[in-house]
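Note sheet for the following structure.
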Amino acid sequence: MIKVKKLSDGIFEVIKDKKQLATKNLDPGRIVYGEKLIPVEGIEYRTWDPRRSKLGAMILKKFNIPLKADSKVLYLGAASGTTVSHVSDIVSEGAVYAVEFAPRSMRDLIRLASRRKNIYPILADAGKPESYSHLVEPVDLIFQDVAQPNQAEIAARNAARFLKKDGNLMLSIKARSIDTAANPKEVFKAEVKKLKQAFEPKFEILNAKDLKPYHEDHLGILAKLK
Amino acid sequence: MKINTWFGVLETNTAGEILESRLLPKNIREIALNSLSLRDSRLNLPPEGFDLKAAALKSGFVESPAEYYSILHEVALEAAKLQVSGALTPDQRIIQAVEALDDINETSNALSERLSEWYGGYFPEIGLSGEDLALFIIKYGSRENVGPEDPLYSKASTSMGAKLEPADEALLKGFAENVRGLYERRRQLEAYIENSMELVAPNLKLIAGPMLGARLISLAGSLEKLAEFPSSTIQVIGANKALFKHLRARAPSPKHGIIYNHPLINTAPWWVRGKIARAVASKISLAARMDFYSRGIDPSIAEKLEAKVSQIRALNPTPSLKRQEIEAKPKKRRRR
């Protein structure tokens, strides 16, 4: 007997032997990165591995996920589209603007986007939002997973251009990509402080948690505009 | 105020109302190319929080949100595809070749070892390995086929090895063919890298040699990145583990990374290797910059490097005392 529990809009927990995070598959019958498909009463669920996705880990860490079926999302650091595919499942009537800088990853992302109409792939540097400002509309959520030393600044610059007044920012901070030598806790503290006051616009932190045991030395943050 | 959008140019008044619009025709490729050209122009950016979709509806570019998203989806895909196909630059091909070469080396070593182990049961005295062994097996198969004209004839006829059955012989011959093919592919790749380096980075090839130069490009990610690195980084590329140990704890800094393979460094006495590595790295950096930014070949870089290295060697004929003392007392305190 398979049970399905709704965790938040578009996000589910499928209980079959063990609990598994899942989304409704927008592209039925197809998998993206080796995940499992579980059909329950005519609906196909796609399992979501929190170890391969910062957003997945944040859901299991009880973050409030500000996504609805018609949300518009700007996803910075889309990589090959593992997490993007789940966001695309969640915002089935919305849009995901997926920004990625590496041509190699973009190859996989293009494959994904050609099957999913709500993904808009953009090959650009997330640190230069001007280079895609002619493409992206105001969004409800900016999700950022870029592993750059200046990620707080990148978040602020993108939020200034694209985030709606009542929108949210979610980001994962990788301590090792900011300072390889420093203590991760100190790095997190400094980065949170930067988000709060260093740049325009300033953010109010709603939730910040370490993503252990899913990701080492990563901090998940949910914020809104101050 | 003028605003560049992916679907055209808009003219708005201070209240944000659209006064005039020059819309692009609904040709996906044309719009995608235009979108790519807007990437680098910082002129007439949409103001912060500008609602592109609303403007597209108001200006009459599309009739419904659904149409807006459908066209934008195709345009984004087309633009990304154009960018990806333009991304395979010659230096990227060198990187693929270097990585393929590493894979082939690893595979050919493992397979030759297997072949040697296997065939050893039938002819343990053979004393050949690698490509020579593969060629021998392809030529003769069983040692019984070795004729008196072959220098290995006497060893073959008195060998303590087992008799090679026809089924095993066929298998081993096929196996040997594969091994030989790998060695051939390796030579082909090396020639390819050498030729490509001459075209893409002639100065780097001159200073570092074709293989080391190609490896540096591969580790840096591209010729552009290598040209942007400071020479201190070039000096330690490939010594990541030692470098991070140095940054985190009180380990000594690495003297050289992959550039250790440079003949000027690995033939130098140990006490000047660090100094020479620094000199080599600085000239490699210069060469990479020349290759990426200006092109043309400058043989004087190599001459200056030679001069610098002989100067370092002349100034340091013996290890310095201070250094020996430091090495005698390793620092144990750790930071953090």
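Ordering of the structure tokens sets the chain letters (A, B, ...); residue numbers start at 1 within each chain; ligands are numbered from 1 in the order shown.
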
**Report entry** Selection near B:Ser218, 9 Å with only C-alpha atoms, sequence-local residues under 2 positions removed, as a list in words
**Finding:** Asp91, Gln92, Ile94, Ile95, Gln96, Val98, Glu99, Gly213, Ala214, Arg215, Leu216, Ala220, Gly221, Ser222 and Leu223 of chain B

Next, dump the selected residues to file, keeping only C-alpha atoms, as an mmCIF file, in the first residue's frame.
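result.cif, freshly written:
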```cif
data_model
loop_
_atom_site.group_PDB
_atom_site.id
_atom_site.type_symbol
_atom_site.label_atom_id
_atom_site.label_comp_id
_atom_site.auth_asym_id
_atom_site.auth_seq_id
_atom_site.Cartn_x
_atom_site.Cartn_y
_atom_site.Cartn_z
ATOM 1 C CA ASP B 91 41.289 24.867 -26.800
ATOM 2 C CA GLN B 92 38.278 22.840 -25.674
ATOM 3 C CA ILE B 94 42.706 20.067 -26.836
ATOM 4 C CA ILE B 95 41.233 19.513 -23.392
ATOM 5 C CA GLN B 96 39.129 16.604 -24.667
ATOM 6 C CA VAL B 98 44.297 15.430 -23.160
ATOM 7 C CA GLU B 99 41.607 13.737 -21.130
ATOM 8 C CA GLY B 213 51.062 23.157 -22.228
ATOM 9 C CA ALA B 214 47.997 21.111 -23.137
ATOM 10 C CA ARG B 215 47.740 19.779 -19.590
ATOM 11 C CA LEU B 216 47.906 23.298 -18.174
ATOM 12 C CA ALA B 220 42.818 25.638 -16.034
ATOM 13 C CA GLY B 221 39.670 24.874 -18.055
ATOM 14 C CA SER B 222 40.522 26.972 -21.104
ATOM 15 C CA LEU B 223 43.321 29.018 -22.618
#
```

Requested in this report: Can you check which residues of stretch 86-190 of chain A DSSP gives as strand (DSSP E or B) on the backbone and send them as a ChimeraX atom specification?
Outcome: /A:95-100,119-123,139-144,163-174

Serialized selection, C-alpha atoms, as a short mmCIF file (atom, residue, chain, number, x, y, z; two decimals), in the first residue's frame:
```
data_model
loop_
_atom_site.label_atom_id
_atom_site.label_comp_id
_atom_site.auth_asym_id
_atom_site.auth_seq_id
_atom_site.Cartn_x
_atom_site.Cartn_y
_atom_site.Cartn_z
CA ALA A 95 7.90 29.51 -15.35
CA VAL A 96 11.47 28.63 -14.43
CA TYR A 97 14.16 30.92 -15.84
CA ALA A 98 17.20 28.67 -15.55
CA VAL A 99 20.52 30.52 -15.66
CA GLU A 100 23.70 28.50 -16.08
CA ILE A 119 11.81 25.92 -18.41
CA TYR A 120 13.57 28.84 -20.12
CA PRO A 121 17.30 28.06 -20.38
CA ILE A 122 19.67 31.04 -20.29
CA LEU A 123 23.41 30.63 -20.81
CA VAL A 139 9.60 36.61 -10.34
CA ASP A 140 8.12 35.28 -7.08
CA LEU A 141 11.22 33.35 -6.07
CA ILE A 142 14.91 33.56 -6.77
CA PHE A 143 16.65 30.29 -6.03
CA GLN A 144 20.39 30.52 -6.04
CA LEU A 163 12.33 39.97 -7.48
CA LYS A 164 8.74 41.10 -6.85
CA LYS A 165 8.23 43.20 -3.70
CA ASP A 166 6.61 40.31 -1.84
CA GLY A 167 8.90 37.69 -3.41
CA ASN A 168 11.39 35.39 -1.69
CA LEU A 169 15.00 34.47 -2.02
CA MET A 170 16.27 30.99 -1.31
CA LEU A 171 19.91 30.22 -1.46
CA SER A 172 22.41 27.65 -0.39
CA ILE A 173 25.79 28.85 0.74
CA LYS A 174 28.73 26.55 0.31
#
```

As a short mmCIF file (atom, residue, chain, number, x, y, z; two decimals) with C-alpha atoms, in the first residue's frame, could you give me every residue of chain A near chain B (at most 9 Å apart, counting only C-alpha atoms)?
```cif
data_model
loop_
_atom_site.label_atom_id
_atom_site.label_comp_id
_atom_site.auth_asym_id
_atom_site.auth_seq_id
_atom_site.Cartn_x
_atom_site.Cartn_y
_atom_site.Cartn_z
CA ALA A 95 7.90 29.51 -15.35
CA PRO A 103 28.17 25.25 -21.79
CA ARG A 104 28.67 21.61 -20.80
CA MET A 106 23.74 23.79 -20.63
CA ARG A 107 23.77 20.87 -23.06
CA ILE A 110 18.63 22.22 -23.20
CA ALA A 113 13.96 22.30 -21.45
CA SER A 114 13.02 21.02 -24.88
CA LYS A 117 7.66 24.00 -21.73
CA ASN A 118 8.00 25.91 -18.45
CA ILE A 119 11.81 25.92 -18.41
CA TYR A 120 13.57 28.84 -20.12
CA PRO A 121 17.30 28.06 -20.38
CA ILE A 122 19.67 31.04 -20.29
CA LEU A 123 23.41 30.63 -20.81
CA ALA A 124 24.79 33.57 -18.87
CA GLU A 130 21.99 42.97 -17.04
CA SER A 131 22.92 40.37 -19.65
CA TYR A 132 19.53 38.66 -19.31
CA SER A 133 17.35 41.53 -18.13
CA HIS A 134 15.76 41.70 -21.58
CA LEU A 135 14.46 38.13 -21.12
CA VAL A 136 13.32 37.70 -17.54
CA GLU A 137 10.05 39.02 -16.08
CA PRO A 138 9.57 39.82 -12.36
CA VAL A 139 9.60 36.61 -10.34
CA ALA A 160 17.07 44.26 -7.36
CA ARG A 161 16.22 43.56 -11.01
CA PHE A 162 13.84 40.68 -10.91
CA LEU A 163 12.33 39.97 -7.48
CA LYS A 164 8.74 41.10 -6.85
CA LYS A 165 8.23 43.20 -3.70
CA THR A 180 38.54 27.14 1.82
CA ALA A 181 40.52 27.76 4.97
CA ALA A 182 38.05 29.38 7.36
CA ASN A 183 35.68 27.69 9.77
#
```

Requested in this report: Per DSSP on the backbone, filter stretch 54-223 of chain A down to the residues in helix (DSSP H, G or I) and report them as a PyMOL selection string.
Outcome: chain A and resi 54-60+82-90+103-115+129-132+151-162+175-178+184-198

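Excluding B:Gly209 and any residue on its chain fewer than 2 positions from it, the residues at most 12 Å away by only C-alpha atoms are B:Glu190, B:Ile193, B:Glu194, B:Asn195, B:Met197, B:Glu198, B:Ala201, B:Pro202, B:Asn203, B:Leu204, B:Lys205, B:Leu206, B:Ile207, B:Met211, B:Leu212, B:Gly213, B:Ala214, B:Arg215, B:Leu216, B:Ile259, B:Asn261, B:His262, B:Pro263, B:Leu264, B:Val280, B:Ile284, B:Ala287, B:Ala302.
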
Based on the selection just made, write C-alpha atoms of those residues as an mmCIF file, in the first residue's frame.
```
data_model
loop_
_atom_site.group_PDB
_atom_site.id
_atom_site.type_symbol
_atom_site.label_atom_id
_atom_site.label_comp_id
_atom_site.auth_asym_id
_atom_site.auth_seq_id
_atom_site.Cartn_x
_atom_site.Cartn_y
_atom_site.Cartn_z
ATOM 1 C CA GLU B 190 49.816 12.899 -29.080
ATOM 2 C CA ILE B 193 47.725 17.579 -29.411
ATOM 3 C CA GLU B 194 51.073 18.668 -30.736
ATOM 4 C CA ASN B 195 49.564 20.028 -33.954
ATOM 5 C CA MET B 197 49.013 23.351 -29.676
ATOM 6 C CA GLU B 198 51.060 24.778 -32.528
ATOM 7 C CA ALA B 201 49.065 28.277 -28.334
ATOM 8 C CA PRO B 202 52.443 28.382 -30.108
ATOM 9 C CA ASN B 203 54.196 30.396 -27.400
ATOM 10 C CA LEU B 204 52.948 28.144 -24.654
ATOM 11 C CA LYS B 205 54.084 25.148 -26.681
ATOM 12 C CA LEU B 206 57.521 26.709 -27.026
ATOM 13 C CA ILE B 207 57.952 27.428 -23.325
ATOM 14 C CA MET B 211 52.039 18.040 -23.558
ATOM 15 C CA LEU B 212 52.640 20.169 -20.471
ATOM 16 C CA GLY B 213 51.062 23.157 -22.228
ATOM 17 C CA ALA B 214 47.997 21.111 -23.137
ATOM 18 C CA ARG B 215 47.740 19.779 -19.590
ATOM 19 C CA LEU B 216 47.906 23.298 -18.174
ATOM 20 C CA ILE B 259 54.845 22.228 -14.115
ATOM 21 C CA ASN B 261 57.141 17.928 -15.510
ATOM 22 C CA HIS B 262 59.015 20.774 -17.164
ATOM 23 C CA PRO B 263 62.564 19.554 -17.929
ATOM 24 C CA LEU B 264 64.099 22.736 -16.502
ATOM 25 C CA VAL B 280 59.097 28.948 -15.449
ATOM 26 C CA ILE B 284 54.341 30.261 -19.033
ATOM 27 C CA ALA B 287 53.290 32.901 -23.146
ATOM 28 C CA ALA B 302 62.260 31.236 -24.140
#
```

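The gap separating atom CA of B:Arg29 from atom CA of A:Ser71 is 27.9 Å, in Å to one decimal.
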
Query raised in the report: Leaving out A:Ala198 and any residue of its chain fewer than 3 positions from it, which residues lie within 12 Å of it when counting only C-alpha atoms, given as a ChimeraX atom specification?
Result: /A:150-157,190-195,201-203

Requested in this report: Quick one: everything within 7 Å of stretch 128-130 of chain B, counting only C-alpha atoms, minus sequence neighbours fewer than 4 positions away in the same chain. Send it as a PyMOL selection string.
Outcome: chain B and resi 112+116+134

Report summary line: What separates atom CA of B:Ser157 and atom CA of B:Leu135 is a distance of 19.0 Å

Report task. Just the residues within 10 Å of stretch 30-32 of chain A, please, counting only C-alpha atoms, with nothing from its chain fewer than 2 positions along; format it as a list in words. Result -> Asn25, Leu26, Asp27, Pro28, Gly34, Glu35, Lys36, Leu37, Arg46, Thr47, Ser80, Gly81, Thr82, Thr83, Ser85, His86, Asp108, Arg111, Leu112 and Arg115 of chain A

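The residue that comes closest to A:Ala223, out of A:Arg116, A:Leu55, A:Asn64, A:Arg176 and on the basis of only C-alpha atoms, is A:Asn64.
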
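If only C-alpha atoms are the atoms counted, then among B:Asn105, B:Ser310, B:Ser232, B:Ser64 the closest residue to B:Glu184 is B:Asn105.
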
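Between atom CA of B:Pro230 and atom CA of B:Ser285 the interatomic distance comes to 7.1 Å.
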
Counting only C-alpha atoms, what is within 7 Å of A:Lys68, bar same-chain residues fewer than 6 positions away, as a PDB file with C-alpha atoms, in the first residue's frame?
```
ATOM      1  CA  ASP A   9       2.047  22.919  -2.982  1.00  0.00           C
ATOM      2  CA  ILE A  90       6.050  22.086  -8.879  1.00  0.00           C
ATOM      3  CA  VAL A  91       5.349  25.240 -10.895  1.00  0.00           C
TER       4      VAL A  91
END
```
